[in-house]
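Enquirer: Next comes the structure file model-v5.csv, holding CSV, C-alpha atoms.
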chain,number,residue,atom,x,y,z
A,1,MET,CA,88.1,94.2,77.2
A,2,HIS,CA,89.0,97.9,77.2
A,3,PHE,CA,90.6,99.8,80.1
A,4,ASP,CA,90.4,103.6,80.4
A,5,ILE,CA,92.9,104.9,82.9
A,6,LEU,CA,92.6,108.5,84.2
A,7,THR,CA,95.8,109.9,85.7
A,8,LEU,CA,97.8,113.1,86.3
A,9,PHE,CA,101.0,111.2,85.5
A,10,PRO,CA,100.6,109.3,82.2
A,11,GLY,CA,104.4,108.9,81.9
A,12,MET,CA,104.3,106.3,84.7
A,13,PHE,CA,102.6,103.8,82.4
A,14,LYS,CA,105.3,103.9,79.7
A,15,GLY,CA,106.6,100.5,79.1
A,16,VAL,CA,104.4,98.7,81.7
A,17,PHE,CA,101.9,97.6,79.2
A,18,GLU,CA,104.4,97.0,76.3
A,19,GLU,CA,105.9,93.8,77.5
A,20,SER,CA,105.0,90.1,78.1
A,21,ILE,CA,101.4,88.9,78.3
A,22,ILE,CA,99.7,92.4,78.2
A,23,LYS,CA,101.6,93.3,75.1
A,24,ARG,CA,100.5,90.1,73.3
A,25,ALA,CA,96.9,90.6,74.5
A,26,ARG,CA,96.9,94.2,73.0
A,27,GLU,CA,98.5,93.0,69.7
A,28,THR,CA,95.9,90.3,69.3
A,29,GLY,CA,93.1,92.7,70.0
A,30,LEU,CA,91.9,90.9,73.2
A,31,VAL,CA,92.7,93.9,75.3
A,32,SER,CA,93.0,97.7,74.6
A,33,ILE,CA,94.2,100.3,77.0
A,34,THR,CA,93.9,104.1,76.8
A,35,ILE,CA,95.7,106.4,79.2
A,36,HIS,CA,93.9,109.7,79.7
A,37,ASN,CA,95.6,112.7,81.2
A,38,ILE,CA,93.2,114.3,83.6
A,39,ARG,CA,94.9,117.7,83.0
A,40,ASP,CA,93.6,117.7,79.4
A,41,TYR,CA,90.1,118.1,80.9
A,42,ALA,CA,91.0,121.0,83.2
A,43,THR,CA,90.0,124.5,82.2
A,44,GLY,CA,91.9,127.8,82.4
A,45,LYS,CA,95.3,128.9,81.2
A,46,HIS,CA,97.2,126.8,83.8
A,47,LYS,CA,95.0,123.6,83.7
A,48,ILE,CA,94.8,123.4,87.4
A,49,THR,CA,93.7,120.0,88.7
A,50,ASP,CA,94.2,120.3,92.5
A,51,ASP,CA,93.6,122.8,95.2
A,52,TYR,CA,93.9,123.4,98.9
A,53,PRO,CA,91.4,121.4,101.1
A,54,TYR,CA,88.5,123.1,102.7
A,55,GLY,CA,88.9,123.3,106.4
A,56,GLY,CA,92.6,123.5,106.3
A,57,GLY,CA,95.3,120.9,106.6
A,58,GLY,CA,98.3,119.8,104.6
A,59,GLY,CA,98.6,118.7,101.1
A,60,MET,CA,96.4,119.2,98.0
A,61,VAL,CA,93.2,117.6,96.9
A,62,MET,CA,92.3,116.7,93.3
A,63,LYS,CA,89.5,118.8,92.0
A,64,PRO,CA,86.2,117.2,90.9
A,65,GLU,CA,85.6,119.2,87.6
A,66,PRO,CA,88.4,117.7,85.4
A,67,ILE,CA,87.6,114.1,86.6
A,68,PHE,CA,83.9,114.5,85.9
A,69,ARG,CA,84.6,116.0,82.5
A,70,ALA,CA,87.0,113.2,81.7
A,71,VAL,CA,84.7,110.3,82.5
A,72,GLU,CA,81.7,112.0,80.9
A,73,SER,CA,83.7,112.7,77.7
A,74,ILE,CA,85.3,109.2,77.5
A,75,LEU,CA,82.0,107.4,78.0
A,76,GLY,CA,79.8,109.9,76.0
A,77,LEU,CA,77.7,110.8,79.0
A,78,LYS,CA,75.5,113.8,79.5
A,79,GLU,CA,76.2,116.0,82.6
A,80,GLY,CA,74.9,114.1,85.6
A,81,GLU,CA,74.2,110.9,83.7
A,82,LYS,CA,75.3,107.8,85.6
A,83,PRO,CA,77.9,105.5,83.9
A,84,ASN,CA,76.8,102.0,82.9
A,85,VAL,CA,80.3,100.5,83.2
A,86,PRO,CA,82.5,100.1,86.3
A,87,VAL,CA,84.1,103.4,87.2
A,88,ILE,CA,86.6,102.5,89.8
A,89,LEU,CA,88.2,105.0,92.2
A,90,LEU,CA,91.5,103.6,93.4
A,91,THR,CA,91.7,104.5,97.1
A,92,PRO,CA,93.0,103.1,100.3
A,93,GLN,CA,89.3,103.2,101.5
A,94,GLY,CA,88.1,100.9,98.8
A,95,ARG,CA,87.3,97.2,99.0
A,96,LEU,CA,90.4,95.0,99.0
A,97,PHE,CA,91.4,93.7,95.6
A,98,SER,CA,91.6,89.9,95.3
A,99,GLN,CA,91.5,87.2,92.7
A,100,GLU,CA,87.8,87.0,93.3
A,101,VAL,CA,87.4,90.7,92.5
A,102,ALA,CA,89.7,90.2,89.4
A,103,TRP,CA,87.3,87.5,88.1
A,104,GLU,CA,84.3,89.8,88.7
A,105,LEU,CA,85.9,92.6,86.7
A,106,ALA,CA,86.9,90.3,83.9
A,107,GLN,CA,83.2,89.8,83.1
A,108,HIS,CA,82.9,93.4,81.9
A,109,LYS,CA,83.8,94.7,78.4
A,110,ARG,CA,85.0,98.1,79.7
A,111,ILE,CA,86.5,99.4,82.9
A,112,VAL,CA,87.4,103.0,83.9
A,113,LEU,CA,90.1,103.4,86.5
A,114,ILE,CA,90.6,106.7,88.3
A,115,CYS,CA,94.0,107.2,89.8
A,116,GLY,CA,94.0,109.3,92.9
A,117,HIS,CA,97.0,111.4,94.0
A,118,TYR,CA,98.2,113.9,96.6
A,119,GLU,CA,96.0,113.9,99.7
A,120,GLY,CA,93.2,112.3,97.8
A,121,VAL,CA,90.2,113.1,95.5
A,122,ASP,CA,87.3,115.5,96.2
A,123,GLU,CA,84.6,113.4,97.9
A,124,ARG,CA,82.0,114.3,95.3
A,125,VAL,CA,83.9,112.1,92.8
A,126,ARG,CA,83.4,109.1,95.1
A,127,ILE,CA,79.7,109.9,95.9
A,128,HIS,CA,78.4,111.0,92.5
A,129,LEU,CA,80.7,109.6,89.8
A,130,ALA,CA,82.5,106.4,90.8
A,131,ASN,CA,80.4,103.3,91.3
A,132,ASP,CA,83.2,101.2,92.9
A,133,GLU,CA,86.3,101.8,95.0
A,134,ILE,CA,89.3,99.4,95.2
A,135,SER,CA,92.4,99.2,97.3
A,136,ILE,CA,95.2,96.8,96.6
A,137,GLY,CA,96.4,96.6,100.2
A,138,ASP,CA,96.8,98.1,103.6
A,139,TYR,CA,99.8,100.3,102.8
A,140,VAL,CA,100.4,103.8,101.4
A,141,LEU,CA,101.4,104.5,97.8
A,142,THR,CA,102.1,107.8,96.1
A,143,GLY,CA,99.0,107.5,93.9
A,144,GLY,CA,96.6,105.2,92.2
A,145,GLU,CA,98.9,104.5,89.2
A,146,ILE,CA,100.5,101.3,90.5
A,147,PRO,CA,97.2,99.9,91.7
A,148,ALA,CA,95.8,100.5,88.2
A,149,MET,CA,98.7,98.6,86.7
A,150,VAL,CA,98.1,95.7,89.1
A,151,ILE,CA,94.4,95.5,88.3
A,152,VAL,CA,94.9,95.6,84.5
A,153,ASP,CA,97.5,92.9,84.8
A,154,ALA,CA,95.4,90.6,87.1
A,155,VAL,CA,92.2,91.1,85.0
A,156,THR,CA,93.9,90.7,81.6
A,157,ARG,CA,95.2,87.2,82.4
A,158,LEU,CA,91.7,86.0,83.0
A,159,ILE,CA,90.4,87.1,79.6
A,160,PRO,CA,89.8,84.0,77.4
A,161,GLY,CA,92.6,83.6,74.8
A,162,VAL,CA,95.2,85.8,76.6
A,163,LEU,CA,97.1,82.9,78.1
A,164,GLY,CA,98.5,80.2,75.9
A,165,ASP,CA,97.3,77.5,78.2
A,166,PRO,CA,93.5,78.1,78.9
A,167,THR,CA,93.7,76.0,82.1
A,168,ALA,CA,96.5,78.0,83.6
A,169,VAL,CA,94.3,80.5,85.3
A,170,PHE,CA,92.5,77.7,87.2
A,171,GLU,CA,95.8,76.5,88.7
A,172,ASP,CA,97.1,79.9,89.9
A,173,SER,CA,97.4,80.8,93.6
A,174,PHE,CA,94.1,82.0,95.1
A,175,THR,CA,92.0,80.7,92.3
A,176,ASP,CA,90.4,78.0,94.6
A,177,GLY,CA,91.4,79.8,97.7
A,178,LEU,CA,94.8,78.1,98.2
A,179,LEU,CA,98.4,78.9,97.4
A,180,GLU,CA,99.8,77.2,94.4
A,181,TYR,CA,101.9,74.0,94.6
A,182,PRO,CA,105.7,74.2,93.9
A,183,HIS,CA,107.1,73.9,90.4
A,184,TYR,CA,110.2,72.1,89.0
A,185,THR,CA,111.9,71.9,85.6
A,186,ARG,CA,115.1,70.4,84.2
A,187,PRO,CA,117.6,69.4,85.3
A,188,ALA,CA,116.2,66.7,87.6
A,189,ASP,CA,119.3,66.9,89.8
A,190,PHE,CA,120.8,70.3,90.3
A,191,ARG,CA,123.8,70.4,92.7
A,192,GLY,CA,122.3,67.5,94.5
A,193,TYR,CA,118.9,69.1,94.9
A,194,LYS,CA,116.6,66.6,93.3
A,195,VAL,CA,113.1,66.9,91.8
A,196,PRO,CA,110.5,65.0,93.9
A,197,GLU,CA,110.3,61.4,92.5
A,198,VAL,CA,106.6,61.6,92.0
A,199,LEU,CA,106.9,64.3,89.4
A,200,LEU,CA,109.1,61.9,87.3
A,201,SER,CA,106.9,58.9,87.7
A,202,GLY,CA,104.5,59.6,84.9
A,203,ASN,CA,101.6,58.6,87.3
A,204,HIS,CA,99.2,61.5,86.6
A,205,ALA,CA,96.9,60.6,89.5
A,206,ALA,CA,99.8,60.5,92.0
A,207,ILE,CA,101.1,63.8,90.6
A,208,ALA,CA,97.7,65.5,90.9
A,209,GLN,CA,97.4,64.3,94.5
A,210,TRP,CA,100.9,65.4,95.4
A,211,ARG,CA,100.2,68.9,93.9
A,212,ARG,CA,97.0,69.2,95.8
A,213,GLU,CA,98.6,68.2,99.1
A,214,GLN,CA,101.5,70.6,98.5
A,215,SER,CA,99.0,73.4,97.8
A,216,LEU,CA,97.2,72.6,101.1
A,217,LEU,CA,100.5,72.3,103.0
A,218,ARG,CA,101.8,75.7,101.8
A,219,THR,CA,98.5,77.4,102.6
A,220,TRP,CA,98.4,75.8,106.0
A,221,GLN,CA,102.0,76.9,106.7
A,222,ARG,CA,102.0,80.4,105.2
A,223,ARG,CA,98.4,81.6,104.9
A,224,PRO,CA,96.2,79.5,107.2
A,225,ASP,CA,93.6,82.3,107.1
A,226,LEU,CA,92.8,81.3,103.5
A,227,LEU,CA,91.7,77.9,104.5
A,228,LYS,CA,88.6,79.3,106.1
A,229,LYS,CA,87.1,80.3,102.7
A,230,ALA,CA,88.8,77.7,100.5
A,231,ARG,CA,86.8,75.1,98.6
A,232,LEU,CA,87.9,71.9,100.3
A,233,THR,CA,87.0,68.3,99.6
A,234,GLU,CA,86.7,65.7,102.3
A,235,ALA,CA,90.1,64.3,101.3
A,236,ASP,CA,91.5,67.9,101.8
A,237,ARG,CA,90.1,68.1,105.2
A,238,GLU,CA,91.5,64.7,106.2
A,239,PHE,CA,94.9,65.8,105.0
A,240,LEU,CA,94.8,69.0,106.9
A,241,GLN,CA,93.7,67.1,110.0
A,242,ARG,CA,96.7,64.9,109.7
A,243,LEU,CA,98.9,68.0,109.4
A,244,ALA,CA,97.4,69.4,112.5
A,245,GLU,CA,98.0,66.2,114.4
A,246,GLY,CA,101.6,66.1,113.2
A,247,LYS,CA,101.0,62.9,111.2
A,248,ASP,CA,102.1,64.4,107.9
A,249,SER,CA,105.0,66.7,107.0
A,250,MET,CA,106.7,68.5,104.1
A,251,GLU,CA,109.5,66.0,104.2
A,252,SER,CA,107.2,63.0,103.7
A,253,ARG,CA,105.5,64.6,100.8
A,254,THR,CA,108.4,65.8,98.7
Once you've parsed the file, please lay out its structure as structure tokens.

Expert:
Amino acid sequence: MHFDILTLFPGMFKGVFEESIIKRARETGLVSITIHNIRDYATGKHKITDDYPYGGGGGMVMKPEPIFRAVESILGLKEGEKPNVPVILLTPQGRLFSQEVAWELAQHKRIVLICGHYEGVDERVRIHLANDEISIGDYVLTGGEIPAMVIVDAVTRLIPGVLGDPTAVFEDSFTDGLLEYPHYTRPADFRGYKVPEVLLSGNHAAIAQWRREQSLLRTWQRRPDLLKKARLTEADREFLQRLAEGKDSMESRT
């Protein structure tokens, strides 16, 4: 998987991709990342990449020419030729990023991420260059750089071989529409706070059931909206029904 990130502030990415899982993925050749400075594709003595908005108003708007040149140069496209890889404009107006979208993107071999900034990007970039738009949440950030980092991190973990445990991605929160179950490690008794007995039992079937029910419980308590789309079994539905009727509780399951 290769990521091309277009930005006016390449310095923001220093160190972010040089630690932990992403660092190892890059070292093993499973992932490669290139940061492109949009300013390098601007013309003129001052390499201007933004200008005042037509129609007035505050702030500056990123110009289309450098962004078009950057994408066309990076992908080897002729002027006006449509890209055949995801070219994603990071914008609050895009579709909401989720684990499902991360899985979708992980199927591609190359992704281009365009980081917006200032008041935004000239609309012609959205209409005639980008073929996808993504937002990481309903809040305002300074630019698209942090969303780009989030997407690279989330997608990288899903690439086969990146994680030491190939089954880990299937147990993460949101993978099956639920929040993840609680985790414990040694010591079994810390300041009188004990690990649930079932986890020490060696009974793998009982442990699997406990983890599933804890996942359902946490989702029911903290993000009940997720249950509407989660993949639930009949046993899951029966457990949730007992929760709704007050016949089950966190205390009885830990």

Enquirer: Which of these residues is nearest to Lys82 of chain A, using all atoms listed in the file: A:Leu129, A:Gln214, A:Trp103, A:Gly143?

Expert: A:Leu129

Enquirer: Show me, as a PyMOL selection string, the residues that have an atom within 10 Å of segment 188-197 of chain A when counting all atoms listed in the file, minus same-chain residues fewer than 3 positions from it.

Expert: chain A and resi 183-185+200-202+207+210+253-254

Enquirer: So what do you get for atom CA of Met12 of chain A versus atom CA of Met62 of chain A, distance-wise?

Expert: 18.1 Å

Enquirer: Using all atoms listed in the file, which residue out of A:Ile35, A:Ala102, A:Ala130, A:Leu179 lies closest to Gly11 of chain A?

Expert: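 For Gly11 of chain A, the nearest of the given residues is A:Ile35.
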
Enquirer: Just give me the gap between atom CA of Arg212 of chain A and atom CA of Val101 of chain A in Å, one decimal is fine.

Expert: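 Interatomic distance, atom CA of Arg212 of chain A to atom CA of Val101 of chain A: 23.8 Å.
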
Enquirer: For a test of reading the model, state the distance in Å between atom CA of Arg24 of chain A and atom CA of Met149 of chain A, rounded to one decimal.

Expert: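 Atom-to-atom, atom CA of Arg24 of chain A to atom CA of Met149 of chain A, that is 16.0 Å.
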
Enquirer: Compile the contact shell of segment 105-114 of chain A as a VMD selection string: residues with an atom at most 6 Å away, counting all atoms listed in the file, same-chain residues fewer than 4 positions apart removed.

Expert: chain A and resid 1 to 6 86 to 89 155

Enquirer: List the neighbours of Leu96 of chain A out to 8 Å using only C-alpha atoms; skip same-chain residues closer than 2 positions along the sequence, and give me the result as an MDAnalysis selection string.

Expert: chainID A and resid 94 98 134:137

Enquirer: Deliver the residues from the most recent selection as a file, using C-alpha atoms, as a compact mmCIF listing (two decimals), in the frame of the given file.

Expert:
# COMPACT_ATOMS: atom_id res chain seq x y z
CA GLY A 94 88.10 100.90 98.80
CA SER A 98 91.60 89.90 95.30
CA ILE A 134 89.30 99.40 95.20
CA SER A 135 92.40 99.20 97.30
CA ILE A 136 95.20 96.80 96.60
CA GLY A 137 96.40 96.60 100.20

Enquirer: For Glu180 of chain A, which residue out of A:Ile21, A:Val16, A:Leu216, A:Ala235 is the nearest one, using only C-alpha atoms?

Expert: A:Leu216
